[in-house]
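First the structure, in the form of structure tokens, and then the observations on it.
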Amino acid sequence: MTTTDTTLADLLQLDRHAQDLLFREARTANTFTDEPVTDEQVRAIHDLVQWAPTSMNSQPLRVLLVRSDEARARLLPHMAEGNRAKTGAAPLVAVLAADHDFHEQFHRTFPHFPGAKGVFADDEVRAGAATLNGTLQVAYFILGVRAAGLAAGPMTGYDAAGIDAEFFAGTDRHVLAVVNVGHPGEDAWFPRSPRLGYDEVVTTV
């Protein structure tokens, strides 16, 4: 870390170890050990990431944990060829989906606005909101996995229609990402790719 990086890190309220755990040293894992990911760890992740912001507290994310060999065998044919081996070997696979019927929960999640459900009466508007807010929650889920000391391998290389038909038939849930979760294994990382600089990303008007 350069002197400038050190100075910037000191401006953050989060301690340096947590910054590194969540961001600087965190990587997308491609291999995993066989150490299991427990239900208690997943509950702890959810307990943390449930506080992610969503518009009108819509919370459309739904998480399907693929643990059994039978469920894994159903999932793998729908994954892109380059993602099958690592998905088959990961100790836990989370299929993250957006529930397009999220508005049915507004009486609980947004009770101070009785007309909330009607705002999303249009199917296309509701689908867009579910995808946007669900994707935001996916990002928080990945941070939660990192906060648990685990590695995440998020993927969008799959047959979305196939996964929806296989696991979400009869519902209005639609896959957003498939995330392998576990402890990183041997040669888990590709080389770190460059990031865009501040002046390339930030504009002040």
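Naming works like this for the structure tokens: A, B, ... for the chains as they're shown, residue 1 at the start of each chain, ligands 1 onward in shown order.
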Tell me which protein, DNA and RNA residues are within 9 Å of stretch 43-53 of chain A, counting only C-alpha atoms, leaving out same-chain ones fewer than 4 positions away, and put them as a tab-separated table (two decimals) with all heavy atoms, in the first residue's frame.
chain	number	residue	atom	x	y	z
A	38	THR	N	-21.42	-23.93	6.89
A	38	THR	CA	-22.52	-24.37	7.75
A	38	THR	C	-23.77	-23.51	7.57
A	38	THR	O	-23.70	-22.37	7.11
A	38	THR	CB	-22.10	-24.34	9.22
A	38	THR	OG1	-21.91	-22.97	9.62
A	38	THR	CG2	-20.81	-25.12	9.45
A	39	ASP	N	-24.90	-24.08	7.98
A	39	ASP	CA	-26.14	-23.30	7.98
A	39	ASP	C	-26.02	-22.10	8.90
A	39	ASP	O	-26.60	-21.04	8.62
A	39	ASP	CB	-27.32	-24.18	8.42
A	39	ASP	CG	-27.71	-25.21	7.37
A	39	ASP	OD1	-27.41	-24.98	6.18
A	39	ASP	OD2	-28.31	-26.23	7.73
A	57	ASN	N	-38.06	-0.43	0.55
A	57	ASN	CA	-37.80	-1.61	1.37
A	57	ASN	C	-38.35	-2.87	0.71
A	57	ASN	O	-38.88	-3.77	1.37
A	57	ASN	CB	-38.40	-1.44	2.77
A	57	ASN	CG	-37.78	-2.35	3.80
A	57	ASN	OD1	-36.60	-2.70	3.71
A	57	ASN	ND2	-38.55	-2.76	4.79
A	58	SER	N	-38.19	-2.95	-0.60
A	58	SER	CA	-38.84	-4.02	-1.37
A	58	SER	C	-38.24	-5.41	-1.15
A	58	SER	O	-38.95	-6.41	-1.25
A	58	SER	CB	-38.79	-3.68	-2.86
A	58	SER	OG	-37.47	-3.39	-3.28
A	59	GLN	N	-36.94	-5.50	-0.92
A	59	GLN	CA	-36.27	-6.76	-0.56
A	59	GLN	C	-36.64	-7.92	-1.48
A	59	GLN	O	-37.12	-8.96	-1.03
A	59	GLN	CB	-36.62	-7.14	0.88
A	59	GLN	CG	-36.27	-6.09	1.92
A	59	GLN	CD	-36.73	-6.47	3.30
A	59	GLN	OE1	-36.29	-7.49	3.86
A	59	GLN	NE2	-37.64	-5.70	3.87
A	133	ASN	N	-33.15	-3.87	-7.63
A	133	ASN	CA	-32.96	-3.98	-6.18
A	133	ASN	C	-32.41	-5.34	-5.78
A	133	ASN	O	-31.62	-5.43	-4.84
A	133	ASN	CB	-34.28	-3.70	-5.47
A	133	ASN	CG	-34.67	-2.23	-5.55
A	133	ASN	OD1	-34.12	-1.40	-4.85
A	133	ASN	ND2	-35.61	-1.91	-6.43
A	136	LEU	N	-28.70	-5.20	-6.35
A	136	LEU	CA	-28.06	-4.48	-5.25
A	136	LEU	C	-27.87	-5.41	-4.05
A	136	LEU	O	-26.80	-5.43	-3.42
A	136	LEU	CB	-28.93	-3.28	-4.86
A	136	LEU	CG	-28.46	-2.44	-3.67
A	136	LEU	CD1	-27.11	-1.81	-3.96
A	136	LEU	CD2	-29.48	-1.35	-3.36
A	137	GLN	N	-28.88	-6.22	-3.76
A	137	GLN	CA	-28.77	-7.16	-2.65
A	137	GLN	C	-27.74	-8.25	-2.92
A	137	GLN	O	-27.09	-8.74	-1.99
A	137	GLN	CB	-30.13	-7.77	-2.35
A	137	GLN	CG	-31.12	-6.79	-1.72
A	137	GLN	CD	-32.43	-7.48	-1.36
A	137	GLN	OE1	-33.29	-7.67	-2.23
A	137	GLN	NE2	-32.58	-7.86	-0.10
A	140	TYR	N	-24.44	-6.95	-1.81
A	140	TYR	CA	-24.32	-7.02	-0.36
A	140	TYR	C	-24.11	-8.46	0.11
A	140	TYR	O	-23.36	-8.71	1.07
A	140	TYR	CB	-25.56	-6.42	0.31
A	140	TYR	CG	-25.45	-4.93	0.53
A	140	TYR	CD1	-25.72	-4.03	-0.50
A	140	TYR	CD2	-25.08	-4.40	1.77
A	140	TYR	CE1	-25.64	-2.65	-0.31
A	140	TYR	CE2	-24.98	-3.04	1.97
A	140	TYR	CZ	-25.26	-2.17	0.93
A	140	TYR	OH	-25.15	-0.82	1.13
A	141	PHE	N	-24.75	-9.42	-0.55
A	141	PHE	CA	-24.56	-10.82	-0.20
A	141	PHE	C	-23.09	-11.21	-0.34
A	141	PHE	O	-22.52	-11.89	0.52
A	141	PHE	CB	-25.45	-11.70	-1.08
A	141	PHE	CG	-25.34	-13.17	-0.80
A	141	PHE	CD1	-26.12	-13.78	0.18
A	141	PHE	CD2	-24.44	-13.97	-1.51
A	141	PHE	CE1	-26.01	-15.13	0.44
A	141	PHE	CE2	-24.33	-15.33	-1.25
A	141	PHE	CZ	-25.11	-15.92	-0.27
A	143	LEU	N	-20.49	-9.25	-0.14
A	143	LEU	CA	-19.76	-8.64	0.97
A	143	LEU	C	-19.99	-9.41	2.26
A	143	LEU	O	-19.07	-9.56	3.08
A	143	LEU	CB	-20.19	-7.18	1.14
A	143	LEU	CG	-19.68	-6.19	0.09
A	143	LEU	CD1	-20.28	-4.81	0.34
A	143	LEU	CD2	-18.15	-6.11	0.12
A	144	GLY	N	-21.21	-9.91	2.46
A	144	GLY	CA	-21.50	-10.70	3.66
A	144	GLY	C	-20.70	-11.99	3.69
A	144	GLY	O	-20.22	-12.41	4.75
A	145	VAL	N	-20.57	-12.64	2.55
A	145	VAL	CA	-19.74	-13.84	2.47
A	145	VAL	C	-18.30	-13.52	2.86
A	145	VAL	O	-17.67	-14.24	3.63
A	145	VAL	CB	-19.80	-14.43	1.04
A	145	VAL	CG1	-18.75	-15.53	0.85
A	145	VAL	CG2	-21.20	-14.98	0.75
A	147	ALA	N	-17.33	-11.04	4.73
A	147	ALA	CA	-17.31	-10.70	6.16
A	147	ALA	C	-17.28	-11.94	7.04
A	147	ALA	O	-16.79	-11.89	8.17
A	147	ALA	CB	-18.53	-9.83	6.51
A	148	ALA	N	-17.79	-13.05	6.52
A	148	ALA	CA	-17.77	-14.31	7.26
A	148	ALA	C	-16.43	-15.03	7.15
A	148	ALA	O	-16.27	-16.13	7.68
A	148	ALA	CB	-18.89	-15.22	6.75
Hey, what does DSSP flag as strand (DSSP E or B) within stretch 10-185 of chain A? Can you give it to me as a PyMOL selection string? chain A and resi 28+32+61-66+79+92-99+151-155+158+173-182+184
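Residues in contact with A:Leu76 at 8 Å, where only C-alpha atoms are counted and same-chain residues fewer than 6 positions away are skipped, are listed as Arg84, Thr87 and Gly88 of chain A.
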Residues as selected, all heavy atoms, written as a short mmCIF file (atom, residue, chain, number, x, y, z; two decimals), in the first residue's frame, can you do that?
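Okay, part_6.cif is ready:
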data_model
loop_
_atom_site.label_atom_id
_atom_site.label_comp_id
_atom_site.auth_asym_id
_atom_site.auth_seq_id
_atom_site.Cartn_x
_atom_site.Cartn_y
_atom_site.Cartn_z
N ARG A 84 -18.84 -25.09 -14.85
CA ARG A 84 -19.41 -26.33 -14.30
C ARG A 84 -18.51 -27.00 -13.27
O ARG A 84 -18.98 -27.41 -12.20
CB ARG A 84 -19.72 -27.30 -15.44
CG ARG A 84 -20.94 -26.91 -16.25
CD ARG A 84 -21.18 -27.84 -17.41
NE ARG A 84 -22.16 -27.26 -18.32
CZ ARG A 84 -22.32 -27.61 -19.56
NH1 ARG A 84 -21.55 -28.58 -20.07
NH2 ARG A 84 -23.23 -27.03 -20.32
N THR A 87 -18.37 -25.12 -9.97
CA THR A 87 -19.67 -25.16 -9.30
C THR A 87 -19.92 -26.56 -8.73
O THR A 87 -20.49 -26.70 -7.65
CB THR A 87 -20.79 -24.77 -10.29
OG1 THR A 87 -20.51 -23.47 -10.82
CG2 THR A 87 -22.15 -24.76 -9.63
N GLY A 88 -19.47 -27.57 -9.45
CA GLY A 88 -19.63 -28.93 -8.94
C GLY A 88 -18.78 -29.21 -7.72
O GLY A 88 -19.13 -30.05 -6.88
#
Would you list the contacts of A:Val138 as number ranges by chain, taking every protein, DNA or RNA residue within 9 Å and counting only C-alpha atoms, but skipping same-chain residues closer than 4 positions in sequence? A: 61, 96-97, 133-134, 142-143, 176-177
How far is it from atom CA of A:Asp159 to atom CA of A:Val178, in Å with one decimal?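 These atoms are spaced 10.9 Å apart.
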Interatomic distance between atom CA of A:Trp189 and atom CA of A:Ala29? 5.7 Å
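Minimum distance to A:Asp20 across A:Thr156, A:Thr6, A:Gln105, A:Thr54 (counting only C-alpha atoms) occurs at A:Thr6.
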Considering only C-alpha atoms, return as a PDB file with all heavy atoms, in the first residue's frame whatever protein or nucleic-acid residues lie within 7 Å of A:Arg67, sequence-local ones (same chain, fewer than 4 positions apart) excluded.
ATOM      1  N   ALA A  71     -29.579 -31.954  -6.252  1.00  0.00           N
ATOM      2  CA  ALA A  71     -29.807 -30.574  -6.694  1.00  0.00           C
ATOM      3  C   ALA A  71     -28.633 -30.067  -7.510  1.00  0.00           C
ATOM      4  O   ALA A  71     -28.806 -29.350  -8.507  1.00  0.00           O
ATOM      5  CB  ALA A  71     -30.056 -29.676  -5.490  1.00  0.00           C
ATOM      6  N   ARG A  72     -27.420 -30.435  -7.118  1.00  0.00           N
ATOM      7  CA  ARG A  72     -26.232 -30.017  -7.875  1.00  0.00           C
ATOM      8  C   ARG A  72     -26.281 -30.589  -9.297  1.00  0.00           C
ATOM      9  O   ARG A  72     -25.948 -29.901 -10.258  1.00  0.00           O
ATOM     10  CB  ARG A  72     -24.970 -30.496  -7.148  1.00  0.00           C
ATOM     11  CG  ARG A  72     -23.665 -29.884  -7.615  1.00  0.00           C
ATOM     12  CD  ARG A  72     -23.451 -28.516  -7.035  1.00  0.00           C
ATOM     13  NE  ARG A  72     -23.434 -28.514  -5.590  1.00  0.00           N
ATOM     14  CZ  ARG A  72     -22.373 -28.230  -4.835  1.00  0.00           C
ATOM     15  NH1 ARG A  72     -21.233 -27.925  -5.402  1.00  0.00           N
ATOM     16  NH2 ARG A  72     -22.454 -28.206  -3.523  1.00  0.00           N
ATOM     17  N   LEU A  92     -20.645 -25.049  -1.220  1.00  0.00           N
ATOM     18  CA  LEU A  92     -22.002 -24.516  -1.202  1.00  0.00           C
ATOM     19  C   LEU A  92     -22.207 -23.652  -2.435  1.00  0.00           C
ATOM     20  O   LEU A  92     -21.320 -22.888  -2.818  1.00  0.00           O
ATOM     21  CB  LEU A  92     -22.250 -23.673   0.056  1.00  0.00           C
ATOM     22  CG  LEU A  92     -23.625 -23.007   0.155  1.00  0.00           C
ATOM     23  CD1 LEU A  92     -24.735 -24.054   0.274  1.00  0.00           C
ATOM     24  CD2 LEU A  92     -23.679 -22.056   1.341  1.00  0.00           C
ATOM     25  N   VAL A  93     -23.376 -23.785  -3.039  1.00  0.00           N
ATOM     26  CA  VAL A  93     -23.744 -22.938  -4.168  1.00  0.00           C
ATOM     27  C   VAL A  93     -25.039 -22.223  -3.802  1.00  0.00           C
ATOM     28  O   VAL A  93     -26.010 -22.852  -3.376  1.00  0.00           O
ATOM     29  CB  VAL A  93     -23.937 -23.747  -5.467  1.00  0.00           C
ATOM     30  CG1 VAL A  93     -24.280 -22.814  -6.624  1.00  0.00           C
ATOM     31  CG2 VAL A  93     -22.699 -24.564  -5.788  1.00  0.00           C
TER      32      VAL A  93
END
Counting only C-alpha atoms, the option among A:Arg74, A:Lys117, A:Lys86, A:His100 closest to A:Gly182: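 Checking each of A:Arg74, A:Lys117, A:Lys86, A:His100 against A:Gly182, counting only C-alpha atoms, the winner is A:Lys86.
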So the first atom is atom CA of A:Gly149 and the second is atom CA of A:Pro36; what is the distance between them in Å, to one decimal place?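 Interatomic distance here is 12.9 Å.
Closest to A:His78 among A:Leu132, A:Val202, A:Val175, A:Val181 is A:Val175, based on only C-alpha atoms.
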Nearest candidate to A:His183 (options A:Gly128, A:Gly115, A:Gly162, A:Gly153; using only C-alpha atoms):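 Nearest candidate to A:His183 out of A:Gly128, A:Gly115, A:Gly162, A:Gly153: A:Gly153.
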Report the residues of stretch 112-176 of chain A whose backbone DSSP state falls under helix (DSSP H, G or I), written as a count of residues only. 37
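Closest to A:Glu35 among A:Pro111, A:Pro91, A:Pro60, A:Gly170 is A:Pro91, based on only C-alpha atoms.
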Residues near stretch 124-127 of chain A, anyone? I mean within 10 Å using only C-alpha atoms, not counting same-chain ones fewer than 4 positions away, as a ChimeraX atom specification. /A:98-103,117,119-120,131-132,172-174
